[in-house]
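Source file: entry30.cif; contents: mmCIF, C-alpha atoms.
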data_run
loop_
_atom_site.label_atom_id
_atom_site.label_comp_id
_atom_site.auth_asym_id
_atom_site.auth_seq_id
_atom_site.Cartn_x
_atom_site.Cartn_y
_atom_site.Cartn_z
CA MET A 20 -9.12 -1.06 -6.94
CA SER A 21 -9.69 -1.60 -10.64
CA ASP A 22 -9.47 1.96 -11.99
CA ARG A 23 -5.68 2.06 -12.07
CA GLY A 24 -4.03 3.19 -15.28
CA TYR A 25 -1.54 1.15 -17.29
CA PRO A 26 0.51 1.89 -20.42
CA ASP A 27 -1.13 0.70 -23.65
CA ALA A 28 2.12 -0.82 -24.86
CA VAL A 29 3.34 -4.13 -23.50
CA ALA A 30 6.74 -3.94 -21.74
CA ASP A 31 9.97 -5.50 -23.04
CA GLU A 32 10.54 -9.17 -22.57
CA PHE A 33 12.35 -9.84 -19.30
CA THR A 34 14.49 -12.92 -18.69
CA ALA A 35 12.87 -15.34 -16.27
CA PRO A 36 14.99 -16.71 -13.41
CA PRO A 37 16.86 -18.86 -12.48
CA THR A 38 19.72 -16.60 -13.51
CA GLU A 39 23.08 -15.62 -12.08
CA PHE A 40 25.12 -12.41 -12.17
CA THR A 41 28.04 -10.68 -10.50
CA ASP A 42 27.18 -7.50 -8.58
CA ARG A 43 29.31 -4.35 -8.45
CA GLU A 44 31.04 -5.65 -5.30
CA ASP A 45 32.13 -8.78 -7.19
CA ARG A 46 29.67 -11.01 -5.35
CA THR A 47 27.96 -13.83 -7.21
CA VAL A 48 24.21 -13.46 -6.88
CA GLU A 49 21.61 -16.02 -7.96
CA LEU A 50 18.00 -15.21 -8.73
CA ARG A 51 15.51 -18.01 -8.11
CA PRO A 52 11.71 -18.11 -7.94
CA TYR A 53 10.42 -18.94 -4.46
CA GLU A 54 9.50 -22.61 -4.21
CA ASN A 55 7.72 -22.71 -0.89
CA THR A 56 10.39 -24.46 1.17
CA GLU A 57 11.11 -24.05 4.86
CA ARG A 58 14.72 -23.10 4.10
CA GLU A 59 13.73 -20.18 1.83
CA ARG A 60 11.16 -18.95 4.32
CA GLU A 61 13.60 -18.99 7.24
CA ALA A 62 16.26 -17.20 5.17
CA LEU A 63 13.69 -14.51 4.32
CA VAL A 64 12.73 -14.11 7.98
CA GLU A 65 16.42 -13.67 8.78
CA MET A 66 16.85 -10.98 6.14
CA TYR A 67 13.79 -9.02 7.22
CA ASP A 68 14.60 -9.39 10.91
CA SER A 69 17.86 -7.50 10.35
CA PHE A 70 16.38 -5.05 7.83
CA ASP A 71 17.02 -1.37 8.64
CA PRO A 72 13.70 0.26 9.68
CA ALA A 73 14.88 3.45 7.92
CA ASP A 74 14.29 1.66 4.62
CA ARG A 75 10.72 0.68 5.41
CA ALA A 76 8.18 1.92 2.89
CA GLN A 77 4.53 2.56 3.80
CA GLY A 78 4.69 0.18 6.73
CA ILE A 79 6.53 -2.74 5.12
CA PRO A 80 8.52 -4.74 5.94
CA PRO A 81 6.98 -4.80 9.42
CA GLY A 82 9.21 -4.95 12.51
CA GLY A 83 9.65 -7.93 14.84
CA GLU A 84 9.83 -11.60 13.95
CA GLU A 85 6.17 -12.37 14.64
CA ARG A 86 4.85 -9.65 12.36
CA ILE A 87 7.43 -10.49 9.72
CA ARG A 88 6.18 -14.09 9.67
CA GLU A 89 2.53 -13.00 9.43
CA TRP A 90 3.37 -10.64 6.58
CA LEU A 91 5.40 -13.32 4.75
CA ASP A 92 2.48 -15.76 5.11
CA ALA A 93 0.32 -13.23 3.26
CA ILE A 94 2.74 -12.51 0.41
CA LEU A 95 4.30 -15.95 -0.17
CA GLY A 96 1.16 -18.07 -0.45
CA GLY A 97 -1.61 -18.61 -2.98
CA GLU A 98 -1.28 -16.80 -6.28
CA CYS A 99 1.61 -14.60 -5.11
CA ARG A 100 4.81 -14.72 -7.17
CA ASN A 101 8.17 -14.26 -5.47
CA VAL A 102 11.81 -14.13 -6.54
CA ILE A 103 14.76 -14.27 -4.15
CA ALA A 104 18.27 -12.92 -4.78
CA TRP A 105 20.70 -15.30 -3.07
CA CYS A 106 24.29 -14.60 -2.10
CA GLY A 107 25.38 -18.06 -0.98
CA ASP A 108 22.91 -19.14 1.69
CA GLU A 109 21.95 -15.59 2.52
CA VAL A 110 19.05 -13.61 1.09
CA ALA A 111 20.38 -10.38 -0.42
CA GLY A 112 17.02 -9.24 -1.74
CA HIS A 113 13.43 -10.28 -2.32
CA ALA A 114 10.78 -9.11 -4.76
CA THR A 115 7.11 -10.02 -4.76
CA LEU A 116 3.95 -9.77 -6.86
CA VAL A 117 0.74 -9.93 -4.82
CA PRO A 118 -2.64 -10.33 -6.58
CA ASP A 119 -5.02 -7.39 -6.28
CA GLY A 120 -8.14 -7.75 -8.42
CA ASP A 121 -7.16 -8.09 -12.07
CA ALA A 122 -3.57 -6.94 -11.48
CA TYR A 123 -0.59 -7.57 -9.20
CA GLU A 124 1.07 -5.19 -6.75
CA LEU A 125 4.86 -5.20 -6.81
CA ALA A 126 7.34 -4.61 -4.01
CA ILE A 127 11.10 -5.10 -3.85
CA PHE A 128 13.55 -5.07 -0.94
CA VAL A 129 17.34 -5.26 -0.98
CA HIS A 130 19.07 -5.75 2.36
CA GLN A 131 21.29 -2.85 3.47
CA GLU A 132 24.44 -4.99 3.19
CA TYR A 133 23.71 -5.52 -0.48
CA GLN A 134 22.42 -2.11 -1.55
CA ARG A 135 24.07 0.13 -4.16
CA ALA A 136 25.54 -2.86 -6.00
CA GLY A 137 23.05 -3.12 -8.86
CA ILE A 138 21.14 -6.06 -7.33
CA GLY A 139 17.77 -4.25 -7.31
CA THR A 140 17.82 -3.76 -11.08
CA TYR A 141 18.53 -7.44 -11.74
CA LEU A 142 16.00 -8.50 -9.11
CA ILE A 143 13.08 -6.45 -10.42
CA ARG A 144 13.80 -7.56 -13.99
CA GLY A 145 13.94 -11.15 -12.76
CA LEU A 146 10.62 -10.81 -10.96
CA LEU A 147 8.98 -9.26 -14.03
CA GLY A 148 10.42 -12.08 -16.18
CA HIS A 149 8.93 -14.60 -13.76
CA GLY A 150 5.57 -12.79 -13.82
CA GLN A 151 5.61 -12.54 -17.60
CA ALA A 152 6.30 -16.27 -17.93
CA GLU A 153 3.41 -16.95 -15.53
CA GLY A 154 1.05 -14.92 -17.73
CA ILE A 155 0.55 -11.93 -15.43
CA GLU A 156 -0.89 -9.01 -17.42
CA LYS A 157 -0.68 -5.90 -15.28
CA VAL A 158 1.55 -4.79 -12.44
CA TRP A 159 1.31 -1.70 -10.24
CA LEU A 160 3.32 -0.24 -7.40
CA THR A 161 3.50 2.79 -5.16
CA VAL A 162 6.69 4.60 -4.33
CA GLU A 163 7.44 7.55 -2.08
CA ARG A 164 8.05 10.52 -4.33
CA TRP A 165 11.29 11.53 -2.56
CA ASN A 166 12.77 8.14 -3.44
CA ARG A 167 14.21 9.33 -6.75
CA ALA A 168 16.53 6.38 -7.26
CA ALA A 169 13.59 3.99 -7.12
CA VAL A 170 11.34 6.18 -9.29
CA SER A 171 13.99 6.45 -12.02
CA LEU A 172 14.62 2.69 -11.89
CA TYR A 173 10.92 1.96 -12.33
CA LYS A 174 10.71 4.44 -15.22
CA LYS A 175 13.73 2.92 -16.92
CA ILE A 176 12.03 -0.47 -16.76
CA GLY A 177 8.88 0.89 -18.41
CA PHE A 178 6.58 1.80 -15.51
CA GLU A 179 4.42 4.86 -16.16
CA THR A 180 2.97 7.13 -13.48
CA SER A 181 -0.76 6.50 -13.12
CA ASP A 182 -1.52 8.65 -10.06
CA ALA A 183 0.61 11.55 -8.88
CA GLU A 184 -1.94 13.17 -6.61
CA SER A 185 -1.14 11.69 -3.23
CA PHE A 186 1.88 11.29 -0.94
CA GLU A 187 3.04 8.30 -2.96
CA LEU A 188 3.37 8.00 -6.70
CA GLU A 189 1.44 5.15 -8.25
CA MET A 190 2.96 3.52 -11.32
CA GLY A 191 1.78 0.81 -13.72
CA LEU A 192 3.31 -1.61 -16.22
CA ARG A 193 1.76 -3.97 -18.77
CA LEU A 194 3.60 -7.32 -18.84
CA ASN A 195 1.39 -9.26 -21.26
CA PRO A 196 -1.46 -8.21 -23.57
CA ASP A 197 -4.98 -8.41 -22.09
CA ALA A 198 -6.40 -11.90 -22.54
CA GLU A 199 -9.73 -10.53 -23.82
CA ARG A 200 -8.18 -8.03 -26.20
CA GLU A 201 -7.35 -9.73 -29.52
CA GLU A 202 -4.06 -8.56 -30.97
CA PRO A 203 -4.31 -7.85 -34.74
CA ASP A 204 -2.57 -10.51 -36.80
CA GLU A 205 -0.11 -8.80 -39.13
CA ASP A 206 0.18 -11.78 -41.53
CA GLN A 207 -3.42 -11.57 -42.70
CA MET B 1 -12.10 16.93 25.15
CA LYS B 2 -14.05 18.22 22.16
CA VAL B 3 -13.45 15.68 19.40
CA LEU B 4 -14.46 15.74 15.72
CA CYS B 5 -14.39 12.34 14.00
CA GLY B 6 -14.61 12.53 10.21
CA ILE B 7 -15.79 9.42 8.36
CA GLY B 8 -16.54 8.81 4.69
CA GLY B 9 -17.40 5.12 4.49
CA SER B 10 -14.02 3.49 3.90
CA ASP B 11 -13.04 0.52 6.08
CA ASP B 12 -10.44 2.55 7.93
CA SER B 13 -12.98 5.31 8.62
CA PHE B 14 -15.30 2.80 10.33
CA ARG B 15 -12.35 1.58 12.37
CA ALA B 16 -11.71 5.19 13.40
CA LEU B 17 -15.39 5.59 14.30
CA ASP B 18 -15.45 2.51 16.53
CA ARG B 19 -12.24 3.44 18.32
CA THR B 20 -13.28 7.07 18.82
CA VAL B 21 -16.68 6.09 20.21
CA GLU B 22 -15.03 3.58 22.53
CA ARG B 23 -12.56 6.18 23.81
CA ALA B 24 -15.20 8.89 24.12
CA ALA B 25 -17.22 6.62 26.39
CA VAL B 26 -14.22 6.09 28.67
CA ALA B 27 -12.78 9.61 28.57
CA ASP B 28 -16.14 11.39 28.56
CA ASP B 29 -15.24 13.25 25.36
CA ASP B 30 -17.64 15.67 23.74
CA LEU B 31 -17.86 13.83 20.39
CA THR B 32 -19.23 14.95 17.04
CA VAL B 33 -19.19 12.62 14.03
CA ALA B 34 -18.97 14.33 10.64
CA VAL B 35 -20.10 12.11 7.76
CA VAL B 36 -18.41 13.39 4.60
CA GLU B 37 -18.69 12.54 0.92
CA ASN B 38 -15.68 10.37 0.12
CA PRO B 39 -15.58 9.82 -3.65
CA ASP B 40 -13.55 6.63 -3.11
CA SER B 41 -16.23 5.04 -0.93
CA SER B 42 -19.11 2.94 -2.19
CA VAL B 43 -21.17 3.20 1.02
CA GLU B 44 -24.10 5.61 0.84
CA PRO B 45 -23.97 8.62 3.23
CA ASP B 46 -27.30 7.68 4.86
CA GLU B 47 -25.96 4.24 5.66
CA ILE B 48 -22.81 5.77 7.17
CA VAL B 49 -24.96 8.04 9.35
CA GLN B 50 -26.95 5.01 10.52
CA ARG B 51 -23.80 3.11 11.39
CA ALA B 52 -22.47 6.07 13.34
CA GLU B 53 -25.73 6.52 15.21
CA SER B 54 -25.97 2.88 16.19
CA ALA B 55 -22.33 2.79 17.35
CA ILE B 56 -23.00 5.85 19.51
CA GLU B 57 -26.20 4.40 20.91
CA GLU B 58 -24.56 1.08 21.72
CA ALA B 59 -21.86 2.88 23.68
CA GLY B 60 -24.53 4.84 25.58
CA LEU B 61 -23.11 8.15 24.37
CA ASP B 62 -24.80 11.41 23.55
CA ALA B 63 -23.00 12.49 20.39
CA ASP B 64 -23.98 14.53 17.37
CA VAL B 65 -23.88 12.97 13.87
CA ARG B 66 -23.85 15.42 10.97
CA LEU B 67 -23.99 14.88 7.25
CA ILE B 68 -21.50 17.30 5.70
CA GLU B 69 -21.73 18.38 2.07
CA GLY B 70 -18.89 19.80 0.00
CA ASP B 71 -15.18 19.10 -0.13
CA PRO B 72 -14.54 16.66 2.77
CA GLY B 73 -11.06 17.78 3.86
CA SER B 74 -11.66 21.51 3.85
CA ARG B 75 -15.09 21.18 5.48
CA ILE B 76 -13.65 19.11 8.36
CA VAL B 77 -10.90 21.68 8.95
CA GLU B 78 -13.41 24.53 8.72
CA ILE B 79 -15.83 22.99 11.22
CA ALA B 80 -13.01 22.18 13.63
CA GLU B 81 -11.83 25.79 13.57
CA ALA B 82 -15.25 27.44 13.66
CA GLU B 83 -16.53 25.35 16.55
CA GLY B 84 -13.41 25.07 18.67
CA PHE B 85 -12.74 21.36 18.37
CA GLU B 86 -9.54 20.23 20.09
CA GLU B 87 -8.86 17.11 18.08
CA ILE B 88 -9.75 15.64 14.69
CA VAL B 89 -9.86 11.85 14.30
CA LEU B 90 -9.71 10.14 10.90
CA GLY B 91 -9.10 6.69 9.44
CA GLY B 92 -5.43 5.77 9.30
CA GLY B 93 -5.24 4.76 5.68
CA HIS B 94 -5.98 1.93 3.31
CA THR B 95 -3.82 -1.21 3.47
CA SER B 96 -3.15 -2.94 0.14
CA PRO B 97 -3.07 -6.76 -0.14
CA MET B 98 0.73 -6.34 -0.01
CA GLY B 99 0.43 -4.65 3.37
CA LYS B 100 1.38 -1.17 2.17
CA ILE B 101 -0.43 1.69 3.86
CA THR B 102 -1.72 4.56 1.74
CA ILE B 103 -3.10 7.68 3.35
CA GLY B 104 -6.28 8.96 1.72
CA SER B 105 -6.62 12.40 0.15
CA ILE B 106 -8.96 13.62 2.92
CA ALA B 107 -6.48 12.70 5.66
CA GLU B 108 -3.65 14.25 3.68
CA PHE B 109 -5.48 17.57 3.37
CA VAL B 110 -6.56 17.63 7.02
CA LEU B 111 -3.06 16.73 8.29
CA LEU B 112 -1.50 19.58 6.38
CA ASN B 113 -4.16 22.21 7.08
CA ALA B 114 -5.65 21.59 10.52
CA LYS B 115 -4.67 23.78 13.47
CA THR B 116 -5.64 21.07 15.97
CA SER B 117 -3.95 17.75 16.61
CA VAL B 118 -5.01 15.06 14.17
CA THR B 119 -5.24 11.39 15.11
CA LEU B 120 -5.08 8.74 12.41
CA VAL B 121 -6.46 5.45 13.73
CA ARG B 122 -4.55 2.29 12.76
#

Let me see whether you can do it: turn the structure in this file into structure tokens.
Amino acid sequence: MSDRGYPDAVADEFTAPPTEFTDREDRTVELRPYENTEREREALVEMYDSFDPADRAQGIPPGGEERIREWLDAILGGECRNVIAWCGDEVAGHATLVPDGDAYELAIFVHQEYQRAGIGTYLIRGLLGHGQAEGIEKVWLTVERWNRAAVSLYKKIGFETSDAESFELEMGLRLNPDAEREEPDEDQ
Amino acid sequence: MKVLCGIGGSDDSFRALDRTVERAAVADDDLTVAVVENPDSSVEPDEIVQRAESAIEEAGLDADVRLIEGDPGSRIVEIAEAEGFEEIVLGGGHTSPMGKITIGSIAEFVLLNAKTSVTLVR
């Protein structure tokens, strides 16, 4: 789909990972871009295999190891951009940008053991920082409208609602100016 | 069973068509295919009708294909009620490259307003 709406203004600058922070439970969490290693992939499978189905959104993450692996193949490869939140050797959360036409679709998951500790906020900012550094221009997402915590987080970050007419809200964010659109030079 | 399958030309609607035709052949359903105007679809209504007719013919079924004008969701519900259909079958939603499923506006309206059971085909 190419008729999605995005804010005219470009979002704040987000810090690109690798970064480190302490969550509200005093755990040290590291954010790192996914580097396509076996170890990262297996740690992700482990996180999603024990992910509570109650926190699934619109069918993802899928259930069962086989489907999880298929889904990860689709969102970790090619032009996809991924950031992992590590707590030691364990994946606490994972956020992804998947290409869709001229924009990227965003999704973020924090494992139940690590929720309500502020990790999601750091993780989404880290992913957007990574995407910004990689030159991604536009990002969109859908969120279930009852999920107020998520909706207010996305708004705080700068996402604007682009479609409010279906079950899910659709929101958009501009990370970098359009390549074709020349920005006026203020010095001249 | 008297089944009304509503399709508008999206990928998931064609999936619903194929599955419903397949099942109708096995279960001896009395099938009607309603081709509706889905504003999100780029396939022309005549082409959708042709696809429906050839799927029905291939399965050796005797089913009615109708081109329905007007608001898709409300027309499907109206036809189902007026003609005593027992089940409505629709596409089960669009899947984004991410794998997220979104239910279309037609399915949403029919789900909330139909008196019959509604099947969304995945």

Item to check | Selected residue, from A:Pro81, A:Asp197, A:Leu95, A:Phe186, that lies nearest to Leu111 of chain B when counting all atoms listed in the file | outcome: A:Phe186

Checklist entry - Using only C-alpha atoms, which residue out of A:Gly112, A:Gly154, A:Pro118, A:Gly97 lies closest to chain B? => result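 Checking each of A:Gly112, A:Gly154, A:Pro118, A:Gly97 against chain B, counting only C-alpha atoms, the winner is A:Pro118.
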
Item to check | Contact residues (chain A, partner chain B, 9 Å, all atoms listed in the file) as a ChimeraX atom specification | outcome: /A:76-81,90,93-94,115-119,124-126,161,184-187

Run through the PyMOL selection byres ((chain B and resi 122) around 10) on the given coordinates and return the selected residues as a PDB file with C-alpha atoms, keeping the file's coordinate frame.
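This is the output file part.pdb:
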ATOM      1  CA  ASP B  12     -10.440   2.550   7.930  1.00  0.00           C
ATOM      2  CA  SER B  13     -12.980   5.310   8.620  1.00  0.00           C
ATOM      3  CA  ARG B  15     -12.350   1.580  12.370  1.00  0.00           C
ATOM      4  CA  ALA B  16     -11.710   5.190  13.400  1.00  0.00           C
ATOM      5  CA  ARG B  19     -12.240   3.440  18.320  1.00  0.00           C
ATOM      6  CA  LEU B  90      -9.710  10.140  10.900  1.00  0.00           C
ATOM      7  CA  GLY B  91      -9.100   6.690   9.440  1.00  0.00           C
ATOM      8  CA  GLY B  92      -5.430   5.770   9.300  1.00  0.00           C
ATOM      9  CA  GLY B  93      -5.240   4.760   5.680  1.00  0.00           C
ATOM     10  CA  HIS B  94      -5.980   1.930   3.310  1.00  0.00           C
ATOM     11  CA  THR B  95      -3.820  -1.210   3.470  1.00  0.00           C
ATOM     12  CA  ILE B 101      -0.430   1.690   3.860  1.00  0.00           C
ATOM     13  CA  THR B 119      -5.240  11.390  15.110  1.00  0.00           C
ATOM     14  CA  LEU B 120      -5.080   8.740  12.410  1.00  0.00           C
ATOM     15  CA  VAL B 121      -6.460   5.450  13.730  1.00  0.00           C
TER      16      VAL B 121
END

Item to check | Two-atom distance - atom CA of Ala82 of chain B, atom CA of Val35 of chain B (Å) | outcome: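 So the answer is 17.1 Å.
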
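Straight-line separation from atom CA of Asp31 of chain A to atom CA of Arg135 of chain A: 24.2 Å.
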
Next on the checklist: I need the output of the PyMOL selection byres ((chain A and resi 83) around 10) for this file as a PyMOL selection string; which residues are they?
Outcome noted: chain A and resi 64+67-69+80-82+84-88

Checklist entry - What does the distance from atom CA of Leu67 of chain B to atom CA of Val43 of chain B come to in Å, to one decimal? => result 13.5 Å

Select, counting all atoms listed in the file, all protein, DNA and RNA residues no farther than 12 Å from (-6.2, 14.9, 13.3) in file coordinates, and express the selection as a PDB file with C-alpha atoms, in the frame of the given file.
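Contents of the output file result38.pdb:
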ATOM      1  CA  VAL B   3     -13.450  15.680  19.400  1.00  0.00           C
ATOM      2  CA  LEU B   4     -14.460  15.740  15.720  1.00  0.00           C
ATOM      3  CA  CYS B   5     -14.390  12.340  14.000  1.00  0.00           C
ATOM      4  CA  GLY B   6     -14.610  12.530  10.210  1.00  0.00           C
ATOM      5  CA  ALA B  16     -11.710   5.190  13.400  1.00  0.00           C
ATOM      6  CA  THR B  20     -13.280   7.070  18.820  1.00  0.00           C
ATOM      7  CA  GLY B  73     -11.060  17.780   3.860  1.00  0.00           C
ATOM      8  CA  ILE B  76     -13.650  19.110   8.360  1.00  0.00           C
ATOM      9  CA  VAL B  77     -10.900  21.680   8.950  1.00  0.00           C
ATOM     10  CA  ALA B  80     -13.010  22.180  13.630  1.00  0.00           C
ATOM     11  CA  PHE B  85     -12.740  21.360  18.370  1.00  0.00           C
ATOM     12  CA  GLU B  86      -9.540  20.230  20.090  1.00  0.00           C
ATOM     13  CA  GLU B  87      -8.860  17.110  18.080  1.00  0.00           C
ATOM     14  CA  ILE B  88      -9.750  15.640  14.690  1.00  0.00           C
ATOM     15  CA  VAL B  89      -9.860  11.850  14.300  1.00  0.00           C
ATOM     16  CA  LEU B  90      -9.710  10.140  10.900  1.00  0.00           C
ATOM     17  CA  GLY B  91      -9.100   6.690   9.440  1.00  0.00           C
ATOM     18  CA  GLY B  92      -5.430   5.770   9.300  1.00  0.00           C
ATOM     19  CA  ILE B 106      -8.960  13.620   2.920  1.00  0.00           C
ATOM     20  CA  ALA B 107      -6.480  12.700   5.660  1.00  0.00           C
ATOM     21  CA  GLU B 108      -3.650  14.250   3.680  1.00  0.00           C
ATOM     22  CA  PHE B 109      -5.480  17.570   3.370  1.00  0.00           C
ATOM     23  CA  VAL B 110      -6.560  17.630   7.020  1.00  0.00           C
ATOM     24  CA  LEU B 111      -3.060  16.730   8.290  1.00  0.00           C
ATOM     25  CA  LEU B 112      -1.500  19.580   6.380  1.00  0.00           C
ATOM     26  CA  ASN B 113      -4.160  22.210   7.080  1.00  0.00           C
ATOM     27  CA  ALA B 114      -5.650  21.590  10.520  1.00  0.00           C
ATOM     28  CA  LYS B 115      -4.670  23.780  13.470  1.00  0.00           C
ATOM     29  CA  THR B 116      -5.640  21.070  15.970  1.00  0.00           C
ATOM     30  CA  SER B 117      -3.950  17.750  16.610  1.00  0.00           C
ATOM     31  CA  VAL B 118      -5.010  15.060  14.170  1.00  0.00           C
ATOM     32  CA  THR B 119      -5.240  11.390  15.110  1.00  0.00           C
ATOM     33  CA  LEU B 120      -5.080   8.740  12.410  1.00  0.00           C
ATOM     34  CA  VAL B 121      -6.460   5.450  13.730  1.00  0.00           C
TER      35      VAL B 121
END

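Picked out by the PyMOL selection byres ((chain B and resi 56) around 12) when it runs on this file: Leu17, Asp18, Arg19, Thr20, Val21, Glu22, Arg23, Ala24, Ala25, Asp30, Leu31, Thr32, Val33, Val49, Gln50, Arg51, Ala52, Glu53, Ser54, Ala55, Glu57, Glu58, Ala59, Gly60, Leu61, Asp62, Ala63, Asp64 and Val65 of chain B.
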
Next on the checklist: Around the point (25.3, -10.1, -5.4) (coordinates from the file), which residues reach within 12 Å if we count all atoms listed in the file? Answer as number ranges by chain.
Outcome noted: A: 38-50, 103-112, 129-130, 132-142

Next on the checklist: Calculated over all atoms listed in the file, which of the candidates A:Asn101, A:Gln131, A:Leu91, A:Phe33 has the smallest distance to Asp71 of chain A?
Outcome noted: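 Smallest distance to Asp71 of chain A is found for A:Gln131.
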